[in-house]
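Written below as structure tokens is the structure these notes are about.
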Amino acid sequence: MLDAQNRSIDYIRISVTDRCNLRCVYCMPEEGVHSLPHEEILSYEEIRRLCGIFSALDIRKVKLTGGEPLTRKGIAELVRMLKVDCGMESVTLTTNGILLTEQLAELVRAGVDGVNISLDTLDRDCFRKITRRDELEQVLAGIRFALTFPELNVKINCVPVAQHVDDALAIAGLAKDQRLNVRFIEMMPIGLGKQSEGIREADLIQRLECAYGKMTPCGQPPGNGPAHYYHVQGFQGNIGFISAISHKFCSECNRIRLTADGYLKTCLQYEADVDLKKMLRSGADDGQLLQSIREAITDKPQGHHFTEEVGETKPEQHYMSQIGG
């Protein structure tokens with residue numbers, strides 16, 4: 001559907017859990033966060049019901065996120081519900097990759113269209129420092145396993161930081177000889193991310209071209225969201241960027257978010273959420289839910305103001321694991 005800014009909103013990111021098996025320094029404190037009780041997060045049936053309504057509003061692309069979505073039992077059944085029961089055109093999943101080798105075959109059978117695997121370094125010691133866990137080999141095994149499914153769209157998500165530029169360059173090299181795209185996601189000034197110095201897109205492109213050669217902008221972006229891509233001669237995959245701060249793309253934003261505890265967020269920054277879980281559990285019918293969702297999307301903010309001191313916009317008290325990324 002169209003919002004008040006005439007943007008076509010056709011993509012929703014759904015967090016299925018706030019739990020994660022890593023403790024990445026820009027996402028979560030070392031001791032973790034207080035996790036929601038199971039009864040406070042949306043059930044798969046509640047998600048299925050809401051997605052039937054989203055589909056009726058022409059929102060047909062779903063990204064399942066967390067926390068780490070593979071830590072929630074039965075995630076493949078949710079994928080099946082979204083594809084078969086709700087008729088979603090695309091269901092993809094963002095994961096840290098640790099549990100991929102155990103679960104991916106079942107996810108593919110259920111109809112998952114792609115996986116985005118988060119990875120910021122290929123160095124074991126650096127991985128341990130960033131994630132506070134020694135799981136790099138499991139992640140790399142998950143990537144290799146994902147590439148054995150020819151029908152699966154595989155992407156690597158990297159959040160580059162200034163002190164680890166060489167790690168970002170090495171991650172980009174994964175797209176040279178493998179059938180995958182690498183995307184660099186600009187550090188968001190939310191929660192612990194405010195404490196890390198990210199790398200601006202222009203600076204990273206300069207470093208990448210020094211390492212690999214000329215980067216040529218691609219045409220149609222291969223994905224559902226705001227990434228824009230470049231091709232490097234001799235690479236199988238492409239290099240993408242999601243640069244919400246230095247290349248603000250709010251005028252083209254096509255996404256909304258559903259948190260694990262049932263809040264509909266129409267912008268990552270703003271606190272004005274709609275409590276769909278409360279409506280579901282207080283007996284609202286589908287018509288009432290549809291109307292509330294329609295009104296929220298219509299009123300989707302024109303843009304974020306992360307670099308400005310304005311308005312009711314500051315979710316610093318939230319960690320990205322609690323918002324769904």
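If you're wondering about the labels, chains in the structure tokens are A, B, ... by order shown, residues count from 1 in each chain, ligands from 1 in order shown.
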Taking the DSSP assignment computed from this structure's backbone, write out as a PyMOL selection string all residues of region 120-176 of chain A that belong to alpha helix (DSSP H). chain A and resi 124-131+136-146+165-172+174-176
As a ChimeraX atom specification, please: the residues near region 250-267 of chain A (cut-off 6 Å, only C-alpha atoms, same-chain neighbours under 2 positions excluded). /A:8-17,40-42,248,269-270,273-277,300,303,323
What are the closest atom pairs, with distances in Å to one decimal, for all residues of region 25-108 of chain A lying within 12 Å of region 196-209 of chain A? Consider only C-alpha atoms, order rows by chain and residue number, and present the result as JSON lines.
{"residue": "A:Val25", "atom": "CA", "partner": "A:Ser196", "partner_atom": "CA", "distance": 8.8}
{"residue": "A:Tyr26", "atom": "CA", "partner": "A:Ser196", "partner_atom": "CA", "distance": 6.8}
{"residue": "A:Cys27", "atom": "CA", "partner": "A:Ser196", "partner_atom": "CA", "distance": 10.4}
Output N, CA and C atoms for every residue in that selection, as an mmCIF file, in the first residue's frame.
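Printed below is selection.cif as written:
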data_model
loop_
_atom_site.group_PDB
_atom_site.id
_atom_site.type_symbol
_atom_site.label_atom_id
_atom_site.label_comp_id
_atom_site.auth_asym_id
_atom_site.auth_seq_id
_atom_site.Cartn_x
_atom_site.Cartn_y
_atom_site.Cartn_z
ATOM 1 N N VAL A 25 29.350 -6.571 20.228
ATOM 2 C CA VAL A 25 29.627 -5.391 21.049
ATOM 3 C C VAL A 25 28.759 -4.193 20.676
ATOM 4 N N TYR A 26 28.315 -4.105 19.414
ATOM 5 C CA TYR A 26 27.497 -2.960 19.013
ATOM 6 C C TYR A 26 26.002 -3.241 19.121
ATOM 7 N N CYS A 27 25.658 -4.435 19.596
ATOM 8 C CA CYS A 27 24.255 -4.837 19.628
ATOM 9 C C CYS A 27 23.747 -5.138 21.032
#
Which of these, A:Thr131, A:Gln5, A:Thr121, A:Asn21, has the shortest distance to Leu174 (chain A) once you count only C-alpha atoms? A:Thr121
Long-range neighbours of Phe235 (chain A) as number ranges by chain, 12 Å cut-off, only C-alpha atoms, 2 positions minimum in chain: A: 172-182, 212-216, 230-233, 237-239
Keeping only C-alpha atoms, write those residues as a short mmCIF file (atom, residue, chain, number, x, y, z; two decimals), in the first residue's frame.
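Everything below was put into again39.cif:
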data_model
loop_
_atom_site.label_atom_id
_atom_site.label_comp_id
_atom_site.auth_asym_id
_atom_site.auth_seq_id
_atom_site.Cartn_x
_atom_site.Cartn_y
_atom_site.Cartn_z
CA ALA A 172 34.24 -8.22 0.36
CA GLY A 173 36.60 -10.79 -1.13
CA LEU A 174 34.06 -13.54 -0.38
CA ALA A 175 32.06 -12.31 -3.38
CA LYS A 176 34.97 -12.87 -5.75
CA ASP A 177 34.90 -16.63 -6.05
CA GLN A 178 31.52 -17.50 -4.53
CA ARG A 179 27.90 -17.12 -5.56
CA LEU A 180 26.96 -14.54 -2.94
CA ASN A 181 26.56 -10.80 -2.46
CA VAL A 182 28.32 -8.88 0.31
CA TYR A 212 39.95 -4.96 -5.97
CA GLY A 213 39.59 -2.47 -8.81
CA LYS A 214 36.87 -0.25 -10.24
CA MET A 215 33.38 -0.63 -8.78
CA THR A 216 30.59 -0.10 -11.30
CA TYR A 230 28.29 -2.34 -7.37
CA HIS A 231 29.97 -4.89 -9.59
CA VAL A 232 33.69 -5.55 -9.59
CA GLN A 233 35.21 -7.15 -12.68
CA GLY A 237 28.81 -11.65 -6.62
CA ASN A 238 28.21 -7.95 -6.10
CA ILE A 239 29.08 -5.51 -3.32
#
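Proximity to Val115 (chain A) at 10 Å, evaluated using only C-alpha atoms and with sequence-adjacent residues fewer than 3 positions away removed, yields Lys63, Leu64, Val91, Thr92, Leu93, Thr94, Thr95, Asn96, Gly97, Leu100, Leu104, Leu107, Val112, Ser118, Ile143, Ala146, Leu152, Asn153, Val154, Lys155 and Ile156 of chain A.
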Dump all heavy atoms for the selected residues as a short mmCIF file (atom, residue, chain, number, x, y, z; two decimals), in the first residue's frame?
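Ended up saving to selection.cif:
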data_model
loop_
_atom_site.label_atom_id
_atom_site.label_comp_id
_atom_site.auth_asym_id
_atom_site.auth_seq_id
_atom_site.Cartn_x
_atom_site.Cartn_y
_atom_site.Cartn_z
N LYS A 63 10.98 -10.50 5.96
CA LYS A 63 12.31 -10.86 6.47
C LYS A 63 12.14 -11.27 7.93
O LYS A 63 11.67 -10.49 8.75
CB LYS A 63 13.27 -9.68 6.38
CG LYS A 63 14.63 -9.93 7.02
CD LYS A 63 15.52 -10.72 6.12
CE LYS A 63 15.93 -9.87 4.93
NZ LYS A 63 16.72 -10.67 3.95
N LEU A 64 12.52 -12.49 8.27
CA LEU A 64 12.47 -12.95 9.65
C LEU A 64 13.79 -12.63 10.34
O LEU A 64 14.87 -12.95 9.83
CB LEU A 64 12.20 -14.46 9.70
CG LEU A 64 10.87 -14.90 9.08
CD1 LEU A 64 10.74 -16.42 9.14
CD2 LEU A 64 9.68 -14.23 9.76
N VAL A 91 10.05 -14.90 1.40
CA VAL A 91 10.33 -15.04 2.82
C VAL A 91 11.82 -15.33 2.96
O VAL A 91 12.32 -16.35 2.49
CB VAL A 91 9.51 -16.16 3.49
CG1 VAL A 91 9.90 -16.30 4.96
CG2 VAL A 91 8.02 -15.90 3.35
N THR A 92 12.53 -14.40 3.58
CA THR A 92 13.97 -14.56 3.79
C THR A 92 14.27 -14.44 5.27
O THR A 92 13.38 -14.13 6.08
CB THR A 92 14.75 -13.50 2.99
OG1 THR A 92 14.30 -12.20 3.36
CG2 THR A 92 14.53 -13.68 1.49
N LEU A 93 15.53 -14.69 5.62
CA LEU A 93 15.88 -14.77 7.03
C LEU A 93 17.27 -14.19 7.24
O LEU A 93 18.17 -14.45 6.45
CB LEU A 93 15.82 -16.24 7.46
CG LEU A 93 16.12 -16.62 8.89
CD1 LEU A 93 15.17 -17.73 9.34
CD2 LEU A 93 17.56 -17.11 9.02
N THR A 94 17.40 -13.39 8.29
CA THR A 94 18.71 -12.87 8.69
C THR A 94 19.21 -13.66 9.90
O THR A 94 18.48 -13.83 10.87
CB THR A 94 18.62 -11.37 9.04
OG1 THR A 94 18.34 -10.63 7.85
CG2 THR A 94 19.93 -10.88 9.63
N THR A 95 20.43 -14.15 9.82
CA THR A 95 20.95 -15.04 10.86
C THR A 95 22.44 -14.79 11.07
O THR A 95 23.13 -14.29 10.17
CB THR A 95 20.73 -16.52 10.46
OG1 THR A 95 21.39 -17.37 11.39
CG2 THR A 95 21.29 -16.80 9.07
N ASN A 96 22.93 -15.15 12.25
CA ASN A 96 24.38 -15.09 12.45
C ASN A 96 25.07 -16.34 11.91
O ASN A 96 26.30 -16.44 11.92
CB ASN A 96 24.74 -14.86 13.92
CG ASN A 96 24.20 -15.94 14.85
OD1 ASN A 96 24.14 -17.12 14.51
ND2 ASN A 96 23.80 -15.54 16.06
N GLY A 97 24.31 -17.32 11.46
CA GLY A 97 24.86 -18.47 10.76
C GLY A 97 25.27 -19.65 11.61
O GLY A 97 25.57 -20.73 11.07
N LEU A 100 22.95 -22.66 11.10
CA LEU A 100 22.48 -22.89 9.73
C LEU A 100 22.65 -24.34 9.29
O LEU A 100 21.76 -24.92 8.64
CB LEU A 100 23.21 -21.98 8.76
CG LEU A 100 22.52 -20.68 8.36
CD1 LEU A 100 23.34 -19.96 7.30
CD2 LEU A 100 21.10 -20.91 7.86
N LEU A 104 19.08 -25.42 7.95
CA LEU A 104 18.81 -24.84 6.64
C LEU A 104 18.06 -25.78 5.71
O LEU A 104 17.19 -25.34 4.95
CB LEU A 104 20.12 -24.37 6.00
CG LEU A 104 19.95 -23.61 4.67
CD1 LEU A 104 19.01 -22.41 4.83
CD2 LEU A 104 21.30 -23.16 4.14
N LEU A 107 14.50 -25.48 6.37
CA LEU A 107 14.01 -24.16 5.96
C LEU A 107 13.81 -24.10 4.46
O LEU A 107 12.81 -23.53 3.98
CB LEU A 107 15.00 -23.09 6.41
CG LEU A 107 15.02 -22.76 7.91
CD1 LEU A 107 16.29 -22.01 8.27
CD2 LEU A 107 13.79 -21.95 8.31
N VAL A 112 11.89 -21.16 2.23
CA VAL A 112 12.66 -19.92 2.43
C VAL A 112 13.39 -19.57 1.13
O VAL A 112 13.91 -20.43 0.43
CB VAL A 112 13.65 -20.07 3.61
CG1 VAL A 112 14.85 -20.92 3.25
CG2 VAL A 112 14.08 -18.71 4.11
N SER A 118 25.16 -12.65 8.94
CA SER A 118 25.94 -11.56 9.51
C SER A 118 27.36 -12.01 9.80
O SER A 118 27.57 -13.03 10.46
CB SER A 118 25.28 -11.07 10.81
OG SER A 118 23.95 -10.61 10.55
N ILE A 143 27.86 -20.78 5.89
CA ILE A 143 27.92 -20.12 4.58
C ILE A 143 28.18 -21.16 3.49
O ILE A 143 27.51 -21.17 2.44
CB ILE A 143 29.01 -19.04 4.57
CG1 ILE A 143 28.63 -17.90 5.53
CG2 ILE A 143 29.22 -18.50 3.15
CD1 ILE A 143 29.75 -16.89 5.75
N ALA A 146 25.04 -23.13 2.90
CA ALA A 146 24.02 -22.36 2.20
C ALA A 146 24.27 -22.33 0.70
O ALA A 146 23.34 -22.37 -0.11
CB ALA A 146 23.96 -20.94 2.77
N LEU A 152 18.87 -20.87 -3.49
CA LEU A 152 18.87 -19.98 -2.33
C LEU A 152 19.69 -18.72 -2.62
O LEU A 152 20.82 -18.79 -3.10
CB LEU A 152 19.46 -20.72 -1.13
CG LEU A 152 19.21 -20.14 0.26
CD1 LEU A 152 17.74 -20.19 0.62
CD2 LEU A 152 20.04 -20.89 1.30
N ASN A 153 19.12 -17.57 -2.31
CA ASN A 153 19.81 -16.29 -2.44
C ASN A 153 20.63 -16.06 -1.16
O ASN A 153 20.06 -15.95 -0.07
CB ASN A 153 18.79 -15.17 -2.63
CG ASN A 153 19.43 -13.85 -2.97
OD1 ASN A 153 20.64 -13.71 -3.01
ND2 ASN A 153 18.60 -12.85 -3.21
N VAL A 154 21.95 -16.01 -1.29
CA VAL A 154 22.83 -15.91 -0.12
C VAL A 154 23.51 -14.54 -0.11
O VAL A 154 24.11 -14.13 -1.11
CB VAL A 154 23.90 -17.02 -0.13
CG1 VAL A 154 24.79 -16.92 1.11
CG2 VAL A 154 23.23 -18.40 -0.19
N LYS A 155 23.41 -13.86 1.03
CA LYS A 155 24.05 -12.56 1.21
C LYS A 155 24.81 -12.55 2.52
O LYS A 155 24.39 -13.18 3.50
CB LYS A 155 23.01 -11.43 1.21
CG LYS A 155 22.20 -11.32 -0.05
CD LYS A 155 21.09 -10.27 0.11
CE LYS A 155 20.19 -10.23 -1.13
NZ LYS A 155 19.06 -9.29 -0.93
N ILE A 156 25.91 -11.81 2.53
CA ILE A 156 26.67 -11.59 3.76
C ILE A 156 26.44 -10.14 4.19
O ILE A 156 26.61 -9.22 3.39
CB ILE A 156 28.18 -11.82 3.54
CG1 ILE A 156 28.44 -13.22 2.99
CG2 ILE A 156 28.94 -11.60 4.85
CD1 ILE A 156 27.99 -14.35 3.87
#
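Residues within 9 Å of Arg48 (chain A), counting only C-alpha atoms and excluding same-chain residues fewer than 6 positions away, are Leu78, Met81, Leu82, Asp85 and Cys86 of chain A.
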Could you write those residues out with all heavy atoms, as a PDB file, in the first residue's frame?
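Below is the file that was written, again_35.pdb:
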ATOM      1  N   LEU A  78       6.998 -21.737  10.623  1.00  0.00           N
ATOM      2  CA  LEU A  78       6.535 -20.374  10.377  1.00  0.00           C
ATOM      3  C   LEU A  78       6.781 -19.986   8.919  1.00  0.00           C
ATOM      4  O   LEU A  78       5.932 -19.352   8.282  1.00  0.00           O
ATOM      5  CB  LEU A  78       7.232 -19.391  11.308  1.00  0.00           C
ATOM      6  CG  LEU A  78       6.888 -17.916  11.084  1.00  0.00           C
ATOM      7  CD1 LEU A  78       5.398 -17.664  11.285  1.00  0.00           C
ATOM      8  CD2 LEU A  78       7.712 -17.014  11.992  1.00  0.00           C
ATOM      9  N   MET A  81       4.054 -21.478   6.893  1.00  0.00           N
ATOM     10  CA  MET A  81       2.802 -20.731   7.067  1.00  0.00           C
ATOM     11  C   MET A  81       2.779 -19.473   6.200  1.00  0.00           C
ATOM     12  O   MET A  81       1.776 -19.166   5.537  1.00  0.00           O
ATOM     13  CB  MET A  81       2.637 -20.324   8.534  1.00  0.00           C
ATOM     14  CG  MET A  81       2.311 -21.424   9.508  1.00  0.00           C
ATOM     15  SD  MET A  81       2.186 -20.709  11.178  1.00  0.00           S
ATOM     16  CE  MET A  81       1.778 -22.156  12.138  1.00  0.00           C
ATOM     17  N   LEU A  82       3.889 -18.743   6.224  1.00  0.00           N
ATOM     18  CA  LEU A  82       3.934 -17.470   5.506  1.00  0.00           C
ATOM     19  C   LEU A  82       3.865 -17.686   3.994  1.00  0.00           C
ATOM     20  O   LEU A  82       3.217 -16.914   3.281  1.00  0.00           O
ATOM     21  CB  LEU A  82       5.209 -16.711   5.873  1.00  0.00           C
ATOM     22  CG  LEU A  82       5.344 -16.317   7.349  1.00  0.00           C
ATOM     23  CD1 LEU A  82       6.660 -15.574   7.572  1.00  0.00           C
ATOM     24  CD2 LEU A  82       4.178 -15.465   7.813  1.00  0.00           C
ATOM     25  N   ASP A  85       0.124 -20.407   3.647  1.00  0.00           N
ATOM     26  CA  ASP A  85      -1.134 -19.890   4.182  1.00  0.00           C
ATOM     27  C   ASP A  85      -1.351 -18.422   3.844  1.00  0.00           C
ATOM     28  O   ASP A  85      -2.485 -18.000   3.597  1.00  0.00           O
ATOM     29  CB  ASP A  85      -1.173 -20.065   5.707  1.00  0.00           C
ATOM     30  CG  ASP A  85      -1.063 -21.521   6.138  1.00  0.00           C
ATOM     31  OD1 ASP A  85      -1.274 -22.399   5.283  1.00  0.00           O
ATOM     32  OD2 ASP A  85      -0.765 -21.765   7.317  1.00  0.00           O
ATOM     33  N   CYS A  86      -0.254 -17.627   3.866  1.00  0.00           N
ATOM     34  CA  CYS A  86      -0.390 -16.181   3.645  1.00  0.00           C
ATOM     35  C   CYS A  86      -0.043 -15.764   2.226  1.00  0.00           C
ATOM     36  O   CYS A  86      -0.299 -14.611   1.847  1.00  0.00           O
ATOM     37  CB  CYS A  86       0.494 -15.414   4.634  1.00  0.00           C
ATOM     38  SG  CYS A  86       0.128 -15.765   6.368  1.00  0.00           S
TER      39      CYS A  86
END
Please measure the separation of CA of Glu106 (chain A) and CA of Ala76 (chain A), giving the value in Å to one decimal. 6.3 Å
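When only C-alpha atoms are used to compute distances to Leu36 (chain A), the closest of the residues A:Arg80, A:Arg124, A:Arg19, A:Arg72 turns out to be A:Arg19.
Of note, CA of Ala227 (chain A) and CA of Phe241 (chain A) are spaced 5.3 Å apart.
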